[in-house]
Amino acid sequence: MFSKVLIANRGAIAVRIERTLAKMGVKSVAVYSKADRDSLHVENADEAVYLGEGTAKDTYLDVDKIIKAALDTGAEAIHPGYGFLSENTVFAAKCEENNIKFVGPDSSQIKLFGLKHSAREIAQKANVPLLSGTGLLKGVDEAIVEAEKIVIR
């Protein structure tokens, strides 16, 4: 179990994660931009790290800032919430490189499941029930032919 988790997200997502961590006896670290300095997720966290001014790209999506915040606070794990960095293979890999647990799939799994054709192939091999679909299509003409096969009339 971790003693401290950084939440690489904001708003209601971060508040829900903080609430769960508190119930588990785990300390939370919020990150925030200037625009979010008075947000509930900042107020509720055990610690908060200022990421600076700017857009989400300049703050919440800045992988190096998030990793530095985790290292500076001694967070053992990073929970990305959803959206933002939750499916970012570079971010997950950076966590791995810095011995920080990424709460979610590892970078290789994100890569495999981020590509729908490889995710479908993995699911088929595991006998997961799937809806009708196709493999990779070579162009618009092939897409139209395949779509007509599955159109519900």
# chains A, B, ... in the order shown; residues from 1 in each chain; ligands from 1
call {"tool": "residues_around", "arguments": {"residues": "Thr134 in chain A", "least_positions_apart": "3", "cutoff": "12 Å", "atoms": "only C-alpha atoms", "output": "list in words"}}
result
Lys116, His117, Ser118, Arg120, Glu121, Leu130, Leu131, Leu137, Lys138, Glu142, Ala143, Ile144, Val145, Glu146, Ala147, Glu148, Lys149 and Ile150 of chain A
call {"tool": "select_by_dssp", "arguments": {"residues": "chain A", "states": "strand (DSSP E)", "output": "ChimeraX atom specification"}}
result
/A:4-7,27-33,47-52,77-79,101-102
call {"tool": "atom_distance", "arguments": {"atom1": "CA of Glu87 in chain A", "atom2": "CA of Ala56 in chain A"}}
result
15.7 Å
call {"tool": "residues_around", "arguments": {"residues": "Ala45 in chain A", "least_positions_apart": "4", "cutoff": "7 Å", "atoms": "only C-alpha atoms", "output": "NGL selection string"}}
result
:A and (18 or 28-30 or 41)
call {"tool": "write_last_selection", "arguments": {"atoms": "N, CA and C atoms", "output": "short mmCIF file (atom, residue, chain, number, x, y, z; two decimals), in the first residue's frame"}}
result
data_model
loop_
_atom_site.label_atom_id
_atom_site.label_comp_id
_atom_site.auth_asym_id
_atom_site.auth_seq_id
_atom_site.Cartn_x
_atom_site.Cartn_y
_atom_site.Cartn_z
N GLU A 18 -9.40 11.88 -3.73
CA GLU A 18 -8.96 12.30 -2.39
C GLU A 18 -9.81 11.65 -1.31
N SER A 28 -3.00 12.50 0.29
CA SER A 28 -3.19 12.93 -1.09
C SER A 28 -2.40 14.20 -1.37
N VAL A 29 -1.93 14.29 -2.61
CA VAL A 29 -1.25 15.48 -3.10
C VAL A 29 -2.02 15.97 -4.32
N ALA A 30 -2.51 17.20 -4.23
CA ALA A 30 -3.19 17.81 -5.37
C ALA A 30 -2.18 18.63 -6.16
N HIS A 41 -10.58 20.65 -4.74
CA HIS A 41 -9.57 19.59 -4.73
C HIS A 41 -8.27 20.07 -4.11
#
call {"tool": "closest_residue", "arguments": {"among": "A:Leu136, A:Ala126, A:Ile7, A:Ile13", "to": "Tyr32 in chain A", "atoms": "only C-alpha atoms"}}
result
A:Ile7
call {"tool": "select_by_dssp", "arguments": {"residues": "range 29-88 of chain A", "states": "alpha helix (DSSP H)", "output": "list in words"}}
result
Leu40, His41, Val42, Glu43, Asn44, Val63, Asp64, Lys65, Ile66, Ile67, Lys68, Ala69, Ala70, Leu71, Asp72 and Thr73 of chain A
call {"tool": "atom_distance", "arguments": {"atom1": "CA of Thr59 in chain A", "atom2": "CA of Ser33 in chain A"}}
result
6.1 Å
call {"tool": "atom_distance", "arguments": {"atom1": "CA of Tyr50 in chain A", "atom2": "CA of Leu71 in chain A"}}
result
14.0 Å
call {"tool": "closest_residue", "arguments": {"among": "A:Ala77, A:Ala14, A:Leu51, A:Val151", "to": "Val26 in chain A", "atoms": "only C-alpha atoms"}}
result
A:Ala77
call {"tool": "closest_residue", "arguments": {"among": "A:Asn99, A:Asn88, A:Thr73, A:Asp38", "to": "Leu112 in chain A", "atoms": "only C-alpha atoms"}}
result
A:Asn88
call {"tool": "residues_around", "arguments": {"residues": "Gly52 in chain A", "least_positions_apart": "2", "cutoff": "10 Å", "atoms": "only C-alpha atoms", "output": "list in words"}}
result
Val31, Tyr32, Ser33, Lys34, Ala35, Arg37, Val49, Tyr50, Gly54, Thr55, Asp58, Thr59, Tyr60 and Lys65 of chain A
